[in-house]
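Novice: Next comes data37.pdb, PDB, C-alpha atoms:
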```pdb
MODEL        1
ATOM      1  CA  MET A   1       0.000   0.000   0.000
ATOM      2  CA  LYS A   2       2.765   2.400   0.946
ATOM      3  CA  GLY A   3       4.534   1.710  -2.318
ATOM      4  CA  LYS A   4       1.385   2.442  -4.300
ATOM      5  CA  ARG A   5       0.834   5.677  -2.388
ATOM      6  CA  ARG A   6       4.410   6.733  -3.146
ATOM      7  CA  GLU A   7       3.956   6.029  -6.852
ATOM      8  CA  LYS A   8       0.705   8.008  -6.901
ATOM      9  CA  ASN A   9       2.329  11.026  -5.262
ATOM     10  CA  SER A  10       5.462  11.038  -7.376
ATOM     11  CA  SER A  11       6.834  10.928 -10.884
ATOM     12  CA  LEU A  12      10.232  10.370 -12.471
ATOM     13  CA  LYS A  13      12.328  13.069 -14.080
ATOM     14  CA  LYS A  14      14.733  11.555 -16.604
ATOM     15  CA  TYR A  15      17.936  12.789 -18.279
ATOM     16  CA  ILE A  16      20.223  11.110 -20.822
ATOM     17  CA  VAL A  17      23.877  11.785 -19.966
ATOM     18  CA  ALA A  18      25.607  13.771 -22.705
ATOM     19  CA  ALA A  19      29.151  12.911 -23.813
ATOM     20  CA  ARG A  20      30.638  15.952 -22.046
ATOM     21  CA  TYR A  21      29.497  14.563 -18.679
ATOM     22  CA  ASP A  22      31.105  11.149 -19.171
ATOM     23  CA  GLY A  23      32.934  10.199 -15.960
ATOM     24  CA  MET A  24      31.076  12.707 -13.736
ATOM     25  CA  GLU A  25      29.940  11.563 -10.300
ATOM     26  CA  LEU A  26      26.178  11.107  -9.948
ATOM     27  CA  GLU A  27      25.702  13.642  -7.140
ATOM     28  CA  GLN A  28      27.645  16.269  -9.058
ATOM     29  CA  TYR A  29      25.450  15.569 -12.106
ATOM     30  CA  LEU A  30      22.306  16.100 -10.041
ATOM     31  CA  LYS A  31      23.687  19.385  -8.750
ATOM     32  CA  GLU A  32      25.145  20.894 -11.922
ATOM     33  CA  VAL A  33      22.975  19.469 -14.683
ATOM     34  CA  MET A  34      19.637  18.681 -13.058
ATOM     35  CA  SER A  35      19.678  21.671 -10.636
ATOM     36  CA  VAL A  36      18.776  19.581  -7.584
ATOM     37  CA  SER A  37      19.359  21.427  -4.294
ATOM     38  CA  ALA A  38      21.589  19.996  -1.546
ATOM     39  CA  ARG A  39      18.562  19.328   0.661
ATOM     40  CA  GLN A  40      16.735  17.500  -2.127
ATOM     41  CA  ARG A  41      19.816  15.468  -3.069
ATOM     42  CA  GLN A  42      20.175  14.303   0.521
ATOM     43  CA  LYS A  43      16.502  13.370   0.663
ATOM     44  CA  LEU A  44      16.619  11.538  -2.680
ATOM     45  CA  PHE A  45      19.704   9.455  -1.906
ATOM     46  CA  PHE A  46      18.421   8.628   1.595
ATOM     47  CA  SER A  47      15.111   7.369   0.162
ATOM     48  CA  ARG A  48      16.855   5.544  -2.721
ATOM     49  CA  GLY A  49      15.071   7.793  -5.182
ATOM     50  CA  VAL A  50      17.930   8.196  -7.683
ATOM     51  CA  TYR A  51      18.288   5.698 -10.526
ATOM     52  CA  VAL A  52      20.812   5.008 -13.274
ATOM     53  CA  ASN A  53      19.524   2.848 -16.097
ATOM     54  CA  GLY A  54      16.593   1.770 -13.941
ATOM     55  CA  SER A  55      18.582   0.733 -10.843
ATOM     56  CA  SER A  56      18.971   2.643  -7.580
ATOM     57  CA  ALA A  57      22.399   4.291  -7.451
ATOM     58  CA  HIS A  58      24.714   5.862  -4.859
ATOM     59  CA  THR A  59      26.240   9.346  -4.802
ATOM     60  CA  LYS A  60      29.697   8.390  -6.119
ATOM     61  CA  ARG A  61      28.447   6.375  -9.117
ATOM     62  CA  LEU A  62      30.482   7.395 -12.177
ATOM     63  CA  LEU A  63      28.289   8.121 -15.159
ATOM     64  CA  LYS A  64      28.863   7.174 -18.784
ATOM     65  CA  ALA A  65      27.625   8.937 -21.884
ATOM     66  CA  GLY A  66      24.203   7.554 -22.783
ATOM     67  CA  ASP A  67      23.262   6.548 -19.222
ATOM     68  CA  MET A  68      19.701   7.407 -18.197
ATOM     69  CA  VAL A  69      19.550   9.211 -14.859
ATOM     70  CA  ALA A  70      16.153   9.428 -13.168
ATOM     71  CA  ILE A  71      15.103  11.057  -9.926
ATOM     72  CA  ARG A  72      11.836  10.613  -8.106
ATOM     73  CA  GLN A  73       9.873  13.848  -7.811
ATOM     74  CA  PHE A  74       7.290  13.932  -5.057
ATOM     75  CA  LYS A  75       4.222  16.079  -5.403
ATOM     76  CA  ASP A  76       3.568  18.665  -2.714
ATOM     77  CA  THR A  77       1.373  17.237   0.029
ATOM     78  CA  GLY A  78       1.082  20.348   2.206
ATOM     79  CA  TYR A  79       1.324  24.134   2.057
ATOM     80  CA  GLY A  80       4.014  24.359   4.719
ATOM     81  CA  VAL A  81       1.958  27.015   6.535
ATOM     82  CA  VAL A  82      -1.652  27.287   7.679
ATOM     83  CA  PRO A  83      -3.801  28.795   4.898
ATOM     84  CA  GLU A  84      -5.530  31.995   6.024
ATOM     85  CA  GLU A  85      -7.957  34.143   4.121
ATOM     86  CA  GLY A  86      -6.374  37.475   3.257
ATOM     87  CA  ALA A  87      -5.729  39.735   0.307
ATOM     88  CA  VAL A  88      -2.758  39.059  -1.972
ATOM     89  CA  GLU A  89      -1.739  41.290  -4.873
ATOM     90  CA  VAL A  90      -0.394  39.132  -7.697
ATOM     91  CA  LEU A  91       2.096  41.005  -9.876
ATOM     92  CA  TYR A  92       3.024  37.998 -12.057
ATOM     93  CA  GLU A  93       2.190  34.287 -12.188
ATOM     94  CA  ASP A  94       2.873  31.314 -14.441
ATOM     95  CA  ASN A  95       3.122  27.547 -13.953
ATOM     96  CA  GLU A  96       6.489  27.759 -12.168
ATOM     97  CA  VAL A  97       6.531  30.996 -10.163
ATOM     98  CA  ILE A  98       4.388  33.698  -8.603
ATOM     99  CA  VAL A  99       5.386  37.249  -7.608
ATOM    100  CA  LEU A 100       3.397  39.097  -4.940
ATOM    101  CA  ASN A 101       3.413  42.736  -3.857
ATOM    102  CA  LYS A 102       4.006  42.665  -0.096
ATOM    103  CA  PRO A 103       2.348  45.434   1.929
ATOM    104  CA  ALA A 104       3.955  47.140   4.925
ATOM    105  CA  GLY A 105       3.498  45.664   8.396
ATOM    106  CA  MET A 106       3.565  42.028   7.280
ATOM    107  CA  LEU A 107       6.173  39.261   7.441
ATOM    108  CA  VAL A 108       6.874  37.233   4.315
ATOM    109  CA  HIS A 109       6.801  33.924   6.213
ATOM    110  CA  PRO A 110       6.070  32.827   9.807
ATOM    111  CA  ALA A 111       9.036  33.493  12.087
ATOM    112  CA  GLY A 112       9.648  33.700  15.809
ATOM    113  CA  GLN A 113       6.358  34.209  17.631
ATOM    114  CA  THR A 114       4.531  35.206  14.446
ATOM    115  CA  GLY A 115       2.866  32.114  13.029
ATOM    116  CA  SER A 116      -0.075  33.674  11.219
ATOM    117  CA  GLY A 117      -1.070  36.746   9.248
ATOM    118  CA  THR A 118       1.942  36.500   6.954
ATOM    119  CA  LEU A 119       2.160  36.747   3.185
ATOM    120  CA  ALA A 120       2.844  33.001   3.079
ATOM    121  CA  ASN A 121      -0.368  32.212   4.982
ATOM    122  CA  TYR A 122      -2.423  34.303   2.575
ATOM    123  CA  LEU A 123      -0.705  32.816  -0.490
ATOM    124  CA  ALA A 124      -1.474  29.302   0.798
ATOM    125  CA  HIS A 125      -5.153  30.257   0.978
ATOM    126  CA  TYR A 126      -4.925  31.699  -2.558
ATOM    127  CA  PHE A 127      -3.667  28.330  -3.840
ATOM    128  CA  LYS A 128      -6.233  26.430  -1.772
ATOM    129  CA  VAL A 129      -9.127  28.393  -3.296
ATOM    130  CA  LYS A 130      -7.749  27.540  -6.752
ATOM    131  CA  GLY A 131      -7.614  23.867  -5.813
ATOM    132  CA  GLN A 132      -3.813  23.735  -6.034
ATOM    133  CA  MET A 133      -1.539  22.019  -3.510
ATOM    134  CA  VAL A 134       1.652  24.101  -3.571
ATOM    135  CA  THR A 135       4.188  24.286  -0.748
ATOM    136  CA  ILE A 136       5.064  27.927  -0.049
ATOM    137  CA  ARG A 137       8.681  28.587  -1.080
ATOM    138  CA  PRO A 138       9.812  32.238  -0.906
ATOM    139  CA  LEU A 139      13.098  32.891  -2.728
ATOM    140  CA  HIS A 140      13.948  35.906  -0.583
ATOM    141  CA  ARG A 141      12.587  37.962   2.291
ATOM    142  CA  LEU A 142      11.659  41.584   2.915
ATOM    143  CA  ASP A 143      11.622  43.212   6.347
ATOM    144  CA  ARG A 144       8.213  43.529   7.992
ATOM    145  CA  ASP A 145       7.792  47.204   7.030
ATOM    146  CA  THR A 146       9.454  46.990   3.612
ATOM    147  CA  THR A 147       7.079  46.731   0.660
ATOM    148  CA  GLY A 148       7.321  45.330  -2.852
ATOM    149  CA  CYS A 149       8.126  42.282  -4.967
ATOM    150  CA  VAL A 150       8.509  38.835  -3.397
ATOM    151  CA  LEU A 151       9.188  35.812  -5.599
ATOM    152  CA  PHE A 152       7.864  32.321  -4.758
ATOM    153  CA  ALA A 153       8.704  29.032  -6.493
ATOM    154  CA  LYS A 154       5.936  26.504  -7.083
ATOM    155  CA  SER A 155       8.145  23.407  -6.841
ATOM    156  CA  SER A 156      11.416  22.312  -5.243
ATOM    157  CA  GLU A 157      12.968  21.933  -8.696
ATOM    158  CA  VAL A 158      12.109  25.510  -9.657
ATOM    159  CA  GLN A 159      13.300  26.707  -6.259
ATOM    160  CA  ALA A 160      16.704  25.076  -6.821
ATOM    161  CA  LYS A 161      17.040  26.652 -10.268
ATOM    162  CA  LEU A 162      16.139  30.108  -8.989
ATOM    163  CA  GLU A 163      18.489  29.779  -6.015
ATOM    164  CA  ALA A 164      21.258  28.907  -8.471
ATOM    165  CA  SER A 165      20.332  31.978 -10.553
ATOM    166  CA  LEU A 166      20.444  34.150  -7.439
ATOM    167  CA  ALA A 167      23.871  32.793  -6.486
ATOM    168  CA  ALA A 168      25.142  33.345 -10.035
ATOM    169  CA  GLY A 169      23.880  36.925 -10.170
ATOM    170  CA  ARG A 170      21.205  36.226 -12.767
ATOM    171  CA  LEU A 171      18.285  37.131 -10.501
ATOM    172  CA  HIS A 172      18.299  40.873  -9.899
ATOM    173  CA  ARG A 173      16.374  42.902  -7.314
ATOM    174  CA  LYS A 174      16.042  46.674  -7.453
ATOM    175  CA  TYR A 175      14.998  48.640  -4.409
ATOM    176  CA  GLU A 176      14.001  52.262  -4.004
ATOM    177  CA  ALA A 177      14.326  54.221  -0.783
ATOM    178  CA  VAL A 178      13.485  57.729   0.332
ATOM    179  CA  VAL A 179      16.348  58.893   2.548
ATOM    180  CA  SER A 180      17.065  61.791   4.866
ATOM    181  CA  GLY A 181      20.373  63.642   4.967
ATOM    182  CA  ASP A 182      22.633  65.216   2.358
ATOM    183  CA  VAL A 183      22.991  62.891  -0.635
ATOM    184  CA  ALA A 184      25.671  65.192  -2.050
ATOM    185  CA  LEU A 185      27.880  64.125   0.866
ATOM    186  CA  LEU A 186      26.892  60.503   0.238
ATOM    187  CA  GLN A 187      28.017  60.833  -3.382
ATOM    188  CA  ALA A 188      31.224  62.558  -2.335
ATOM    189  CA  LYS A 189      32.025  59.809   0.154
ATOM    190  CA  PHE A 190      31.191  57.030  -2.336
ATOM    191  CA  PRO A 191      31.817  58.576  -5.791
ATOM    192  CA  GLU A 192      31.472  55.248  -7.592
ATOM    193  CA  GLY A 193      27.988  54.769  -6.162
ATOM    194  CA  THR A 194      29.048  51.678  -4.228
ATOM    195  CA  ILE A 195      29.093  51.119  -0.474
ATOM    196  CA  ASN A 196      31.394  48.187   0.287
ATOM    197  CA  LEU A 197      31.484  47.864   4.075
ATOM    198  CA  PRO A 198      31.274  44.667   6.180
ATOM    199  CA  ILE A 199      28.181  44.113   8.309
ATOM    200  CA  GLY A 200      27.915  42.127  11.537
ATOM    201  CA  ARG A 201      25.539  41.578  14.444
ATOM    202  CA  ASN A 202      25.408  44.328  17.060
ATOM    203  CA  PRO A 203      26.870  42.680  20.214
ATOM    204  CA  LEU A 204      24.618  44.715  22.524
ATOM    205  CA  GLN A 205      21.417  44.414  20.470
ATOM    206  CA  PRO A 206      21.404  41.054  18.619
ATOM    207  CA  ASN A 207      18.356  41.940  16.511
ATOM    208  CA  ARG A 208      20.308  44.826  14.961
ATOM    209  CA  ARG A 209      23.212  44.911  12.532
ATOM    210  CA  GLN A 210      26.060  47.385  12.138
ATOM    211  CA  VAL A 211      29.065  48.143   9.966
ATOM    212  CA  MET A 212      32.005  46.533  11.754
ATOM    213  CA  ALA A 213      35.461  45.119  11.183
ATOM    214  CA  GLY A 214      35.277  41.360  10.946
ATOM    215  CA  GLY A 215      31.704  41.447   9.669
ATOM    216  CA  LYS A 216      30.517  39.706   6.524
ATOM    217  CA  GLU A 217      31.133  41.317   3.146
ATOM    218  CA  ALA A 218      28.278  43.593   2.110
ATOM    219  CA  VAL A 219      28.080  45.527  -1.163
ATOM    220  CA  THR A 220      25.316  48.003  -2.009
ATOM    221  CA  HIS A 221      25.127  50.040  -5.232
ATOM    222  CA  PHE A 222      23.109  53.264  -5.250
ATOM    223  CA  GLN A 223      21.911  55.876  -7.719
ATOM    224  CA  VAL A 224      20.199  59.176  -6.903
ATOM    225  CA  LEU A 225      16.871  59.391  -8.762
ATOM    226  CA  LYS A 226      15.434  62.538  -7.163
ATOM    227  CA  GLN A 227      17.012  65.080  -4.811
ATOM    228  CA  GLY A 228      15.075  67.425  -2.519
ATOM    229  CA  ARG A 229      15.832  69.686   0.437
ATOM    230  CA  GLU A 230      14.964  67.213   3.220
ATOM    231  CA  HIS A 231      14.540  63.922   1.388
ATOM    232  CA  SER A 232      15.895  62.205  -1.721
ATOM    233  CA  LEU A 233      14.933  59.106  -3.685
ATOM    234  CA  LEU A 234      17.581  56.459  -4.294
ATOM    235  CA  GLN A 235      17.629  53.307  -6.407
ATOM    236  CA  LEU A 236      19.622  50.461  -4.861
ATOM    237  CA  THR A 237      20.883  47.057  -5.959
ATOM    238  CA  LEU A 238      22.649  44.437  -3.867
ATOM    239  CA  GLU A 239      25.581  42.148  -4.562
ATOM    240  CA  THR A 240      25.095  40.511  -1.174
ATOM    241  CA  GLY A 241      22.000  39.879   0.925
ATOM    242  CA  ARG A 242      22.895  40.698   4.518
ATOM    243  CA  THR A 243      20.151  41.305   7.068
ATOM    244  CA  HIS A 244      19.046  44.986   6.993
ATOM    245  CA  GLN A 245      21.880  45.663   4.523
ATOM    246  CA  ILE A 246      20.427  48.715   2.771
ATOM    247  CA  ARG A 247      19.233  50.287   6.004
ATOM    248  CA  VAL A 248      22.556  49.720   7.792
ATOM    249  CA  HIS A 249      24.710  50.976   4.913
ATOM    250  CA  LEU A 250      22.666  54.122   4.327
ATOM    251  CA  ALA A 251      22.481  54.981   8.024
ATOM    252  CA  HIS A 252      26.240  54.496   8.391
ATOM    253  CA  ALA A 253      26.786  56.753   5.372
ATOM    254  CA  GLY A 254      24.726  59.550   6.934
ATOM    255  CA  CYS A 255      21.579  59.138   4.834
ATOM    256  CA  PRO A 256      19.246  56.843   6.806
ATOM    257  CA  VAL A 257      16.057  55.593   5.218
ATOM    258  CA  ALA A 258      13.255  57.998   6.110
ATOM    259  CA  GLY A 259      11.120  56.698   8.968
ATOM    260  CA  ASP A 260      13.611  53.971   9.945
ATOM    261  CA  ARG A 261      13.307  54.065  13.737
ATOM    262  CA  MET A 262      15.842  51.261  14.223
ATOM    263  CA  TYR A 263      18.751  52.834  12.338
ATOM    264  CA  GLY A 264      17.632  56.436  11.976
ATOM    265  CA  SER A 265      14.799  58.360  13.608
ATOM    266  CA  ARG A 266      11.053  58.825  13.485
ATOM    267  CA  SER A 267       9.631  60.836  10.601
ATOM    268  CA  ARG A 268       6.632  63.136  10.449
ATOM    269  CA  ALA A 269       6.241  62.234   6.775
ATOM    270  CA  ILE A 270       5.998  58.438   7.037
ATOM    271  CA  ARG A 271       5.404  55.960   9.898
ATOM    272  CA  ARG A 272       7.742  53.205   8.668
ATOM    273  CA  GLN A 273      10.990  52.912   6.759
ATOM    274  CA  ALA A 274      10.466  54.199   3.215
ATOM    275  CA  LEU A 275      12.019  51.158   1.509
ATOM    276  CA  HIS A 276      10.396  49.401  -1.438
ATOM    277  CA  GLY A 277      11.283  46.304  -3.489
ATOM    278  CA  ALA A 278      10.555  48.009  -6.782
ATOM    279  CA  GLU A 279      11.610  45.440  -9.390
ATOM    280  CA  LEU A 280      12.516  41.796  -9.971
ATOM    281  CA  ASP A 281      14.429  40.729 -13.078
ATOM    282  CA  PHE A 282      14.904  36.984 -13.594
ATOM    283  CA  TRP A 283      14.929  34.207 -16.182
ATOM    284  CA  GLN A 284      11.877  31.949 -16.248
ATOM    285  CA  PRO A 285      13.168  28.511 -15.155
ATOM    286  CA  ALA A 286      11.247  26.444 -17.724
ATOM    287  CA  THR A 287      11.318  28.641 -20.832
ATOM    288  CA  GLY A 288      14.472  30.705 -20.268
ATOM    289  CA  ARG A 289      12.437  33.830 -21.046
ATOM    290  CA  ARG A 290      13.458  37.013 -19.246
ATOM    291  CA  ILE A 291      10.799  38.252 -16.813
ATOM    292  CA  VAL A 292      10.772  41.790 -15.391
ATOM    293  CA  VAL A 293       8.193  42.522 -12.679
ATOM    294  CA  LYS A 294       7.621  45.954 -11.159
ATOM    295  CA  ALA A 295       5.688  46.856  -8.018
ATOM    296  CA  PRO A 296       3.890  50.211  -7.748
ATOM    297  CA  TYR A 297       4.727  52.495  -4.841
ATOM    298  CA  PRO A 298       2.511  52.136  -1.784
ATOM    299  CA  GLU A 299       0.456  55.233  -1.036
ATOM    300  CA  ASP A 300       2.556  56.512   1.881
ATOM    301  CA  MET A 301       5.792  56.310  -0.084
ATOM    302  CA  GLN A 302       4.226  57.911  -3.166
ATOM    303  CA  GLU A 303       3.136  60.853  -1.007
ATOM    304  CA  LEU A 304       6.711  61.262   0.219
ATOM    305  CA  ILE A 305       8.017  61.205  -3.350
ATOM    306  CA  ASN A 306       5.440  63.851  -4.294
ATOM    307  CA  ILE A 307       6.941  66.075  -1.586
ATOM    308  CA  ILE A 308      10.389  65.674  -3.138
ATOM    309  CA  ASP A 309       8.983  66.591  -6.554
ATOM    310  CA  ALA A 310       7.375  69.719  -5.099
ATOM    311  CA  GLU A 311      10.542  70.943  -3.368
TER     312      GLU A 311
ENDMDL
END
```
Before anything else, please render the file you have as structure tokens.

Specialist:
Amino acid sequence: MKGKRREKNSSLKKYIVAARYDGMELEQYLKEVMSVSARQRQKLFFSRGVYVNGSSAHTKRLLKAGDMVAIRQFKDTGYGVVPEEGAVEVLYEDNEVIVLNKPAGMLVHPAGQTGSGTLANYLAHYFKVKGQMVTIRPLHRLDRDTTGCVLFAKSSEVQAKLEASLAAGRLHRKYEAVVSGDVALLQAKFPEGTINLPIGRNPLQPNRRQVMAGGKEAVTHFQVLKQGREHSLLQLTLETGRTHQIRVHLAHAGCPVAGDRMYGSRSRAIRRQALHGAELDFWQPATGRRIVVKAPYPEDMQELINIIDAE
């Protein structure tokens, strides 16, 4: 019975080994050619779900040109979070991925003491209403009060491919932030438009980060889009994805994100940090087609930008 249930909830993905991969170890083939994540490879080999020419095979098996490699793909059997009714704004969706516009004041996924009311909970309900069983797999996170694009994969295979794209620099995220302070001084201090300063955990306040010697490498590129008397609008891209990276770098440089009470100060113009995930640029995992998704400004940030335009 268990065997039949496993067959019903799974399928085989098959590859024929090309001549250029002759002599490659099986696990390396799964990683580099079939884009199987480390977690999935471990699970597959443990459950004897990897086959070469129809027989279960071990990680170090040396492949030959013409061999047929097959891996068992299990269908999702749960959402990973509790589905909850709530509004989701879909910016883009196809058979492999979905991009949502996250509002302020919401976590992307349950964490810590927050187990409900997250974007993941609402997305699970969205899939449930459509009659789809899809485990929720966010490719990246945004801080609770940061808005904008969040990308989710609809399968473990797609997740692995997108994670590989992210690591290879082929998945690009653009952010926009309204900042306080003198951006002319920011540009003078970093004339190339790049802040390359290591970031580590604040030893006195573990939930905060700071620029510090011995921290992890952190690289932020910035461009001034609009400049006003009290506030300016910046576009930012990241080479690294450290916690609070943009907020820490800009605060250290003297131009904290407007409304950022953790790294800057309160603002009369906005009640949260004015940081927005404005754009995602990635290659569709199945078709190879380039996808560019943009998220509109939330109302409070648009009002702040209007003030800059009026100055």

Novice: For the structure provided, state which residues fall under the PyMOL selection byres ((chain A and resi 239) around 12), and present them as number ranges by chain.

Specialist: A: 166-174, 194-197, 217-222, 236-238, 240-242, 245-246

Novice: Enter the distance from CA of Glu230 (chain A) to CA of Gln210 (chain A), in Å, rounded to one decimal.

Specialist: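 Between these atoms lies a distance of 24.4 Å.
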
Novice: Can you list what the PyMOL selection byres ((chain A and resi 127) around 12) grabs from this structure, as a PyMOL selection string?

Specialist: chain A and resi 78-79+81-86+88+90+93+98+120-126+128-136+154

Novice: CA of Phe282 (chain A) and CA of Glu163 (chain A), how far apart in Å?

Specialist: 11.1 Å

Novice: Could you put an axis-aligned box around every listed atom of region 164-167 of chain A, padded by 8 Å on each side, and send me its centre and edge lengths in Å to one decimal, as JSON?

Specialist:
```
{"center_x": 22.1, "center_y": 31.5, "center_z": -8.5, "size_x": 19.5, "size_y": 21.2, "size_z": 20.1}
```

Novice: Please check which residues have atoms at most 8 Å from (26.2, 57.2, -8.4) in the file's coordinates, counting all atoms listed in the file, and write them as a short mmCIF file (atom, residue, chain, number, x, y, z; two decimals) with C-alpha atoms, in the coordinates of the input.

Specialist:
```
data_model
loop_
_atom_site.label_atom_id
_atom_site.label_comp_id
_atom_site.auth_asym_id
_atom_site.auth_seq_id
_atom_site.Cartn_x
_atom_site.Cartn_y
_atom_site.Cartn_z
CA GLN A 187 28.02 60.83 -3.38
CA PHE A 190 31.19 57.03 -2.34
CA PRO A 191 31.82 58.58 -5.79
CA GLU A 192 31.47 55.25 -7.59
CA GLY A 193 27.99 54.77 -6.16
CA THR A 194 29.05 51.68 -4.23
CA HIS A 221 25.13 50.04 -5.23
CA PHE A 222 23.11 53.26 -5.25
CA GLN A 223 21.91 55.88 -7.72
CA VAL A 224 20.20 59.18 -6.90
#
```

Novice: Just to confirm, what's the straight-line distance from CA of Leu119 (chain A) to CA of Thr243 (chain A) in Å (one decimal)?

Specialist: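 CA of Thr243 (chain A) lies 19.0 Å from CA of Leu119 (chain A).
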
Novice: Would you kindly return, as a VMD selection string, each protein, DNA or RNA residue with an atom no farther than 12 Å from any atom of Gln302 (chain A), considering all atoms listed in the file and excluding same-chain residues fewer than 3 positions away?

Specialist: chain A and resid 176 to 178 233 269 to 270 274 to 276 296 to 299 305 to 309

Novice: Output C-alpha atoms of each residue in that selection to a file, as a PDB file, keeping the file's coordinate frame.

Specialist:
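Result file is result_9.pdb:
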```pdb
ATOM      1  CA  GLU A 176      14.001  52.262  -4.004  1.00  0.00           C
ATOM      2  CA  ALA A 177      14.326  54.221  -0.783  1.00  0.00           C
ATOM      3  CA  VAL A 178      13.485  57.729   0.332  1.00  0.00           C
ATOM      4  CA  LEU A 233      14.933  59.106  -3.685  1.00  0.00           C
ATOM      5  CA  ALA A 269       6.241  62.234   6.775  1.00  0.00           C
ATOM      6  CA  ILE A 270       5.998  58.438   7.037  1.00  0.00           C
ATOM      7  CA  ALA A 274      10.466  54.199   3.215  1.00  0.00           C
ATOM      8  CA  LEU A 275      12.019  51.158   1.509  1.00  0.00           C
ATOM      9  CA  HIS A 276      10.396  49.401  -1.438  1.00  0.00           C
ATOM     10  CA  PRO A 296       3.890  50.211  -7.748  1.00  0.00           C
ATOM     11  CA  TYR A 297       4.727  52.495  -4.841  1.00  0.00           C
ATOM     12  CA  PRO A 298       2.511  52.136  -1.784  1.00  0.00           C
ATOM     13  CA  GLU A 299       0.456  55.233  -1.036  1.00  0.00           C
ATOM     14  CA  ILE A 305       8.017  61.205  -3.350  1.00  0.00           C
ATOM     15  CA  ASN A 306       5.440  63.851  -4.294  1.00  0.00           C
ATOM     16  CA  ILE A 307       6.941  66.075  -1.586  1.00  0.00           C
ATOM     17  CA  ILE A 308      10.389  65.674  -3.138  1.00  0.00           C
ATOM     18  CA  ASP A 309       8.983  66.591  -6.554  1.00  0.00           C
TER      19      ASP A 309
END
```

Novice: I need the residue nearest Thr77 (chain A) from this list: A:Ser35, A:Ser232, A:Gln40, A:Ser155. Use only C-alpha atoms for the distance.

Specialist: A:Ser155

Novice: Give the answer as one residue: which of A:Gly80, A:Gly105, A:Gly254, A:Pro285 has the shortest atom-to-atom distance to Ser180 (chain A), using only C-alpha atoms?

Specialist: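 Under the stated criterion, the closest residue is A:Gly254.
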
Novice: What lies within 8 Å of Met24 (chain A) using all atoms listed in the file, ignoring chain neighbours under 2 positions off, as a short mmCIF file (atom, residue, chain, number, x, y, z; two decimals) with C-alpha atoms, keeping the file's coordinate frame?

Specialist:
```
data_model
loop_
_atom_site.label_atom_id
_atom_site.label_comp_id
_atom_site.auth_asym_id
_atom_site.auth_seq_id
_atom_site.Cartn_x
_atom_site.Cartn_y
_atom_site.Cartn_z
CA TYR A 21 29.50 14.56 -18.68
CA ASP A 22 31.10 11.15 -19.17
CA LEU A 26 26.18 11.11 -9.95
CA GLN A 28 27.64 16.27 -9.06
CA TYR A 29 25.45 15.57 -12.11
CA LEU A 62 30.48 7.40 -12.18
CA LEU A 63 28.29 8.12 -15.16
CA LYS A 64 28.86 7.17 -18.78
#
```

Novice: Identify the residues around (20.4, 9.5, -15.0) within a radius of 9 Å, measuring from all atoms listed in the file in the coordinates stated by the file, and give them as a PyMOL selection string.

Specialist: chain A and resi 13-17+26+29-30+50-54+63+66-71

Novice: With C-alpha atoms kept, could you save the residues just selected as a tab-separated table (two decimals), in the frame of the given file?

Specialist:
```tsv
chain	number	residue	atom	x	y	z
A	13	LYS	CA	12.33	13.07	-14.08
A	14	LYS	CA	14.73	11.56	-16.60
A	15	TYR	CA	17.94	12.79	-18.28
A	16	ILE	CA	20.22	11.11	-20.82
A	17	VAL	CA	23.88	11.78	-19.97
A	26	LEU	CA	26.18	11.11	-9.95
A	29	TYR	CA	25.45	15.57	-12.11
A	30	LEU	CA	22.31	16.10	-10.04
A	50	VAL	CA	17.93	8.20	-7.68
A	51	TYR	CA	18.29	5.70	-10.53
A	52	VAL	CA	20.81	5.01	-13.27
A	53	ASN	CA	19.52	2.85	-16.10
A	54	GLY	CA	16.59	1.77	-13.94
A	63	LEU	CA	28.29	8.12	-15.16
A	66	GLY	CA	24.20	7.55	-22.78
A	67	ASP	CA	23.26	6.55	-19.22
A	68	MET	CA	19.70	7.41	-18.20
A	69	VAL	CA	19.55	9.21	-14.86
A	70	ALA	CA	16.15	9.43	-13.17
A	71	ILE	CA	15.10	11.06	-9.93
```

Novice: Which residues are close to Ala153 (chain A), i.e. within 9 Å by only C-alpha atoms, leaving aside same-chain residues fewer than 3 positions away? Reply as a list in words.

Specialist: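 What passes the distance filter is Glu96, Val97, Ile98, Val99, Thr135, Ile136, Arg137, Pro138, Leu139, Ser156, Glu157, Val158, Gln159, Ala160 and Leu162 of chain A.
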
Novice: Applied to the shown file, which residues does the PyMOL selection byres ((chain A and resi 213) around 12) return, written as an NGL selection string?

Specialist: :A and (197-202 or 210-212 or 214-218)

Novice: Env of region 44-47 of chain A: 12 Å cut, atoms = only C-alpha atoms, seq-sep filter 2 positions within chain, self excluded. Answer as a count of residues only.

Specialist: 26

Novice: Between A:Gly181, A:Gly228, A:Pro203, A:Gly117, which one has atoms that come closest to Gly264 (chain A), using all atoms listed in the file?

Specialist: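 Of A:Gly181, A:Gly228, A:Pro203, A:Gly117, the one nearest Gly264 (chain A), counting all atoms listed in the file, is A:Gly181.
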
Novice: Which residues are near region 140-152 of chain A? Cut-off 7 Å, all atoms listed in the file, ignore same chain within fewer than 4 positions. Put them as an MDAnalysis selection string.

Specialist: chainID A and resid 97:108 272:273 275:280 295

Novice: Rank nothing, just name the residue among A:Ala111, A:Ile291, A:Leu204, A:Leu185 nearest to Ala253 (chain A), using all atoms listed in the file.

Specialist: A:Leu185
